[in-house]
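Undergrad: protein_21.txt is reproduced below (compact mmCIF, C-alpha atoms).
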# COMPACT_ATOMS: atom_id res chain seq x y z
CA MET A 3 -131.29 160.55 -22.84
CA GLU A 4 -134.20 162.33 -24.48
CA VAL A 5 -136.73 161.09 -21.89
CA GLN A 6 -134.48 162.29 -19.07
CA GLY A 7 -134.03 165.74 -20.64
CA PHE A 8 -130.40 165.33 -21.70
CA ALA A 9 -130.99 165.35 -25.46
CA SER A 10 -133.54 166.21 -28.10
CA GLN A 11 -134.16 164.97 -31.61
CA ARG A 12 -134.82 167.51 -34.34
CA ARG A 13 -136.99 166.42 -37.23
CA PHE A 14 -134.76 164.76 -39.81
CA GLY A 15 -131.73 165.92 -37.86
CA THR A 16 -129.11 164.57 -35.58
CA PRO A 17 -129.74 164.25 -31.88
CA VAL A 18 -128.39 167.15 -29.87
CA VAL A 19 -127.37 167.29 -26.23
CA SER A 20 -129.36 169.74 -24.12
CA PRO A 21 -127.38 172.32 -22.17
CA LEU A 22 -126.00 171.07 -18.87
CA SER A 23 -128.23 172.60 -16.26
CA GLU A 24 -127.31 173.68 -12.74
CA SER A 25 -130.96 173.58 -11.70
CA HIS A 26 -131.39 170.07 -13.12
CA ILE A 27 -128.44 168.77 -11.08
CA ALA A 28 -129.74 170.43 -7.92
CA GLU A 29 -133.25 169.06 -8.43
CA VAL A 30 -132.09 165.51 -9.15
CA TYR A 31 -130.03 165.48 -5.97
CA LEU A 32 -132.79 167.08 -3.90
CA ILE A 33 -135.13 164.26 -4.89
CA ARG A 34 -132.42 161.61 -4.51
CA ARG A 35 -131.62 162.84 -1.01
CA SER A 36 -135.22 162.46 0.08
CA LEU A 37 -135.92 159.09 -1.54
CA GLU A 38 -132.56 157.53 -0.72
CA GLY A 39 -132.80 158.78 2.85
CA LEU A 40 -136.17 157.05 3.16
CA ALA A 41 -134.82 153.84 1.62
CA THR A 42 -131.86 153.91 4.02
CA TYR A 43 -134.18 154.38 6.98
CA TYR A 44 -136.18 151.26 6.09
CA ALA A 45 -133.15 149.24 4.99
CA SER A 46 -131.30 149.91 8.24
CA THR A 47 -134.10 148.21 10.18
CA ARG A 48 -133.98 145.07 8.01
CA ILE A 49 -130.41 144.67 6.76
CA GLN A 50 -128.65 141.42 7.64
CA ALA A 51 -125.05 140.95 8.80
CA ALA A 52 -124.05 139.27 5.52
CA GLU A 53 -125.42 142.22 3.53
CA LEU A 54 -123.45 144.64 5.71
CA GLU A 55 -120.27 142.63 5.09
CA GLN A 56 -120.89 142.75 1.33
CA LEU A 57 -121.36 146.52 1.53
CA LYS A 58 -118.12 146.90 3.50
CA GLN A 59 -116.28 144.90 0.81
CA ILE A 60 -117.76 147.05 -1.96
CA ASN A 61 -116.68 150.16 -0.07
CA ARG A 62 -113.12 148.81 0.28
CA GLU A 63 -113.05 148.13 -3.48
CA LEU A 64 -114.35 151.66 -4.08
CA HIS A 65 -111.48 153.10 -2.06
CA ILE A 66 -108.97 151.03 -4.07
CA ALA A 67 -110.50 152.27 -7.35
CA VAL A 68 -110.12 155.86 -6.17
CA VAL A 69 -106.46 155.27 -5.24
CA LYS A 70 -105.89 153.72 -8.69
CA ASP A 71 -107.62 156.75 -10.27
CA ASP A 72 -110.14 154.53 -12.07
CA PRO A 73 -113.30 156.64 -12.40
CA VAL A 74 -115.23 153.99 -14.34
CA SER A 75 -114.73 151.43 -11.56
CA TRP A 76 -115.43 153.80 -8.70
CA SER A 77 -118.54 155.07 -10.41
CA GLN A 78 -119.84 151.51 -10.86
CA LEU A 79 -118.87 150.52 -7.32
CA ASN A 80 -120.51 153.60 -5.84
CA ARG A 81 -123.73 152.83 -7.65
CA THR A 82 -123.54 149.18 -6.58
CA PHE A 83 -122.98 150.27 -2.98
CA HIS A 84 -126.05 152.49 -2.97
CA ARG A 85 -128.21 149.97 -4.81
CA ARG A 86 -127.29 147.19 -2.35
CA LEU A 87 -127.74 149.51 0.63
CA TYR A 88 -131.35 150.21 -0.37
CA ALA A 89 -132.27 146.68 -1.48
CA PRO A 90 -133.28 145.45 2.00
CA CYS A 91 -135.74 148.34 2.45
CA GLY A 92 -138.62 146.19 1.21
CA LYS A 93 -139.99 148.97 -1.04
CA PRO A 94 -139.49 147.91 -4.69
CA LEU A 95 -141.25 150.95 -6.17
CA LEU A 96 -139.07 153.28 -4.11
CA CYS A 97 -135.99 151.44 -5.40
CA GLN A 98 -137.22 151.82 -9.00
CA TYR A 99 -137.58 155.59 -8.59
CA ILE A 100 -134.12 155.79 -7.04
CA GLU A 101 -132.66 153.76 -9.92
CA SER A 102 -134.15 156.21 -12.43
CA LEU A 103 -132.64 159.15 -10.56
CA MET A 104 -129.28 157.36 -10.40
CA ASP A 105 -129.41 157.09 -14.19
CA MET A 106 -129.89 160.86 -14.42
CA ALA A 107 -127.07 161.54 -11.97
CA ALA A 108 -124.73 159.11 -13.75
CA PHE A 109 -124.73 161.38 -16.80
CA TYR A 110 -123.26 164.21 -14.72
CA MET A 111 -120.93 162.01 -12.72
CA MET A 112 -119.28 160.53 -15.81
CA ALA A 113 -119.01 163.93 -17.49
CA LEU A 114 -117.31 165.31 -14.39
CA ALA A 115 -115.45 162.21 -13.19
CA LYS A 116 -111.98 163.71 -12.85
CA TYR A 117 -113.31 166.83 -11.15
CA VAL A 118 -115.26 164.98 -8.43
CA ARG A 119 -112.42 162.59 -7.47
CA PRO A 120 -111.71 164.32 -4.11
CA ARG A 121 -115.39 164.02 -3.25
CA VAL A 122 -115.36 160.29 -4.00
CA GLU A 123 -112.52 159.74 -1.53
CA GLU A 124 -114.60 161.46 1.14
CA SER A 125 -117.68 159.47 0.10
CA ALA A 126 -116.04 156.15 0.97
CA GLN A 127 -115.51 157.41 4.52
CA GLU A 128 -119.13 158.54 4.70
CA HIS A 129 -120.29 155.14 3.44
CA ALA A 130 -118.48 153.55 6.40
CA GLU A 131 -120.30 155.87 8.83
CA ILE A 132 -123.66 155.00 7.25
CA LEU A 133 -122.88 151.30 7.59
CA ARG A 134 -121.99 151.74 11.27
CA ALA A 135 -125.38 153.37 11.86
CA CYS A 136 -127.05 150.44 10.08
CA GLU A 137 -125.08 147.97 12.19
CA ASP A 138 -126.24 149.82 15.30
CA ARG A 139 -129.85 149.63 14.04
CA ASP A 140 -130.18 153.41 14.24
CA PRO A 141 -132.45 154.26 11.29
CA ASP A 142 -132.67 157.96 12.13
CA LEU A 143 -128.89 158.35 12.17
CA ALA A 144 -128.46 156.21 9.05
CA ARG A 145 -130.99 158.39 7.21
CA HIS A 146 -129.40 161.61 8.44
CA LEU A 147 -125.90 160.49 7.39
CA LEU A 148 -127.13 159.37 3.97
CA GLU A 149 -128.97 162.65 3.34
CA LYS A 150 -125.91 164.64 4.41
CA HIS A 151 -123.78 162.44 2.15
CA MET A 152 -126.08 163.05 -0.83
CA VAL A 153 -126.00 166.86 -0.66
CA LYS A 154 -122.30 167.33 0.03
CA GLY A 155 -121.22 166.99 -3.58
CA VAL A 156 -123.99 169.04 -5.18
CA PRO A 157 -122.28 172.44 -4.85
CA MET A 158 -119.16 170.96 -6.45
CA LEU A 159 -121.15 169.62 -9.40
CA VAL A 160 -123.10 172.87 -9.84
CA ASP A 161 -119.91 174.96 -9.68
CA TYR A 162 -118.22 172.77 -12.23
CA VAL A 163 -121.12 172.95 -14.68
CA ARG A 164 -121.34 176.72 -14.21
CA ALA A 165 -117.62 177.15 -14.91
CA HIS A 166 -117.12 174.55 -17.64
CA ALA A 167 -120.40 174.03 -19.51
CA ASN A 168 -118.97 175.55 -22.68
CA GLU A 169 -115.97 173.22 -22.54
CA LEU A 170 -118.21 170.17 -22.16
CA THR A 171 -120.51 171.03 -25.04
CA LYS A 172 -120.46 173.31 -28.06
CA GLN A 173 -123.32 175.73 -28.73
CA ASN A 174 -125.32 175.41 -31.97
CA GLY A 175 -127.13 178.31 -33.54
CA ASP A 176 -130.49 176.92 -32.36
CA GLY A 177 -129.71 177.02 -28.62
CA HIS A 178 -128.88 173.31 -28.38
CA ARG A 179 -125.47 171.81 -27.86
CA ARG A 180 -123.66 169.00 -29.52
CA VAL A 181 -121.17 166.86 -27.73
CA ARG A 182 -117.75 168.15 -28.65
CA ARG A 183 -115.61 165.44 -30.18
CA PRO A 184 -111.86 165.49 -29.88
CA GLY A 185 -109.78 165.47 -33.00
CA PRO A 186 -108.58 167.67 -35.88
Represent the structure of the file as structure tokens.
TA:
Amino acid sequence: MEVQGFASQRRFGTPVVSPLSESHIAEVYLIRRSLEGLATYYASTRIQAAELEQLKQINRELHIAVVKDDPVSWSQLNRTFHRRLYAPCGKPLLCQYIESLMDMAAFYMMALAKYVRPRVEESAQEHAEILRACEDRDPDLARHLLEKHMVKGVPMLVDYVRAHANELTKQNGDGHRRVRRPGP
């Protein structure tokens, strides 16, 4: 978490969580949109029918997890969907960068899981549209749909952090925050 800017270690002290940052969320998703759009473009020209069927199955399972209100499962399935969508792109370094950005985004997604549930329902529908563009071998449309998909949830995440940052973390006297633990 320290390398990704989510925490810092004070000398001889306990690790502290850095403040949740609206600008950090926006920047992570700006970069993700560009890189994942590029990966989708290349993947849509190379993806095989069996890979598309696997992605459709993952998307069906994602929808079921949303209906069951299981944020851990839908978060994992969403990540698996995106990872498998980009895998056929033939650009391993691009996929490594995307994976790193997914790790950064996962921190926010898990912190805000209940709040983003309506967006996840919509995401499953958008995944299906992206897959149709891949099936049609339309890399420009697939890229456009993916990029649109990536930015749709950003305002929701930014608004939530702006409104609830103090509820998610507790301010220390030194400007850092510690994760608030439930209990007496």
Undergrad: If we count only C-alpha atoms, what is near Met111 in chain A at a cut-off of 12 Å, once residues fewer than 6 positions away on the same chain are taken out, given as a list in words?
TA: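 Answer for this query is Ile27, Tyr31, Pro73, Val74, Trp76, Ser77, Gln78, Asn80, Arg81, Met104, Asp105, Tyr117, Val118, Arg119, Arg121, Val122, Gly155, Val156, Met158, Leu159, Val160, Tyr162 and Val163 of chain A.
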Undergrad: For Ala130 in chain A, work out the shell of residues within 12 Å, counting all atoms listed in the file and skipping chain neighbours fewer than 4 positions away, then give it as a list of chain:residue names.
TA: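 Non-adjacent residues within range: A:Leu54, A:Glu55, A:Leu57, A:Lys58, A:Gln59, A:Ile60, A:Asn61, A:Arg62, A:Leu64, A:His65, A:Phe83, A:Leu87, A:Glu123, A:Glu124, A:Ser125, A:Ala126, A:Arg134, A:Ala135, A:Cys136, A:Glu137, A:Ala144, A:Leu147, A:Leu148, A:His151.
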Undergrad: Work out how far apart CA of Ser23 in chain A and CA of Cys97 in chain A are and give it in Å to one decimal.
TA: 25.0 Å
Undergrad: With all atoms of range 140-152 of chain A from the file as input, state the centre and edge lengths in Å to one decimal of the axis-aligned box that has 8 Å extra on each side, as JSON.
TA:
{"center_x": -128.2, "center_y": 159.0, "center_z": 6.7, "size_x": 24.9, "size_y": 27.2, "size_z": 31.1}
Undergrad: For a test of reading the model, state the distance in Å between CA of Ser36 in chain A and CA of Asp138 in chain A, rounded to one decimal.
TA: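 Atom-to-atom, CA of Ser36 in chain A and CA of Asp138 in chain A are spaced 21.7 Å apart.
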Undergrad: Interatomic distance between CA of Pro141 in chain A and CA of Ser46 in chain A?
TA: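 Distance reported for this atom pair: 5.4 Å.
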Undergrad: Which residue, A:Val68, A:Val30, A:Ala45, A:Ala165, has the smallest gap to Lys93 in chain A when you use all atoms listed in the file?
TA: A:Ala45
Undergrad: Compile the contact shell of Ala89 in chain A as a PyMOL selection string: residues with an atom at most 10 Å away, counting all atoms listed in the file, same-chain residues fewer than 2 positions apart removed.
TA: chain A and resi 41-42+44-45+48-49+53+84-87+91-94+96-97
Undergrad: From the list A:Gln127, A:Ala107, A:Asp140, A:Asp72, which residue is nearest Arg34 in chain A when using all atoms listed in the file?
TA: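 Ranked by minimum distance to Arg34 in chain A, first place goes to A:Ala107.
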Undergrad: Just checking: using all atoms listed in the file, which residue out of A:Glu128, A:Leu133, A:Thr82, A:Leu95 ends up closest to Ala51 in chain A?
TA: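 With all atoms listed in the file as the atom set, the closest residue is A:Leu133.
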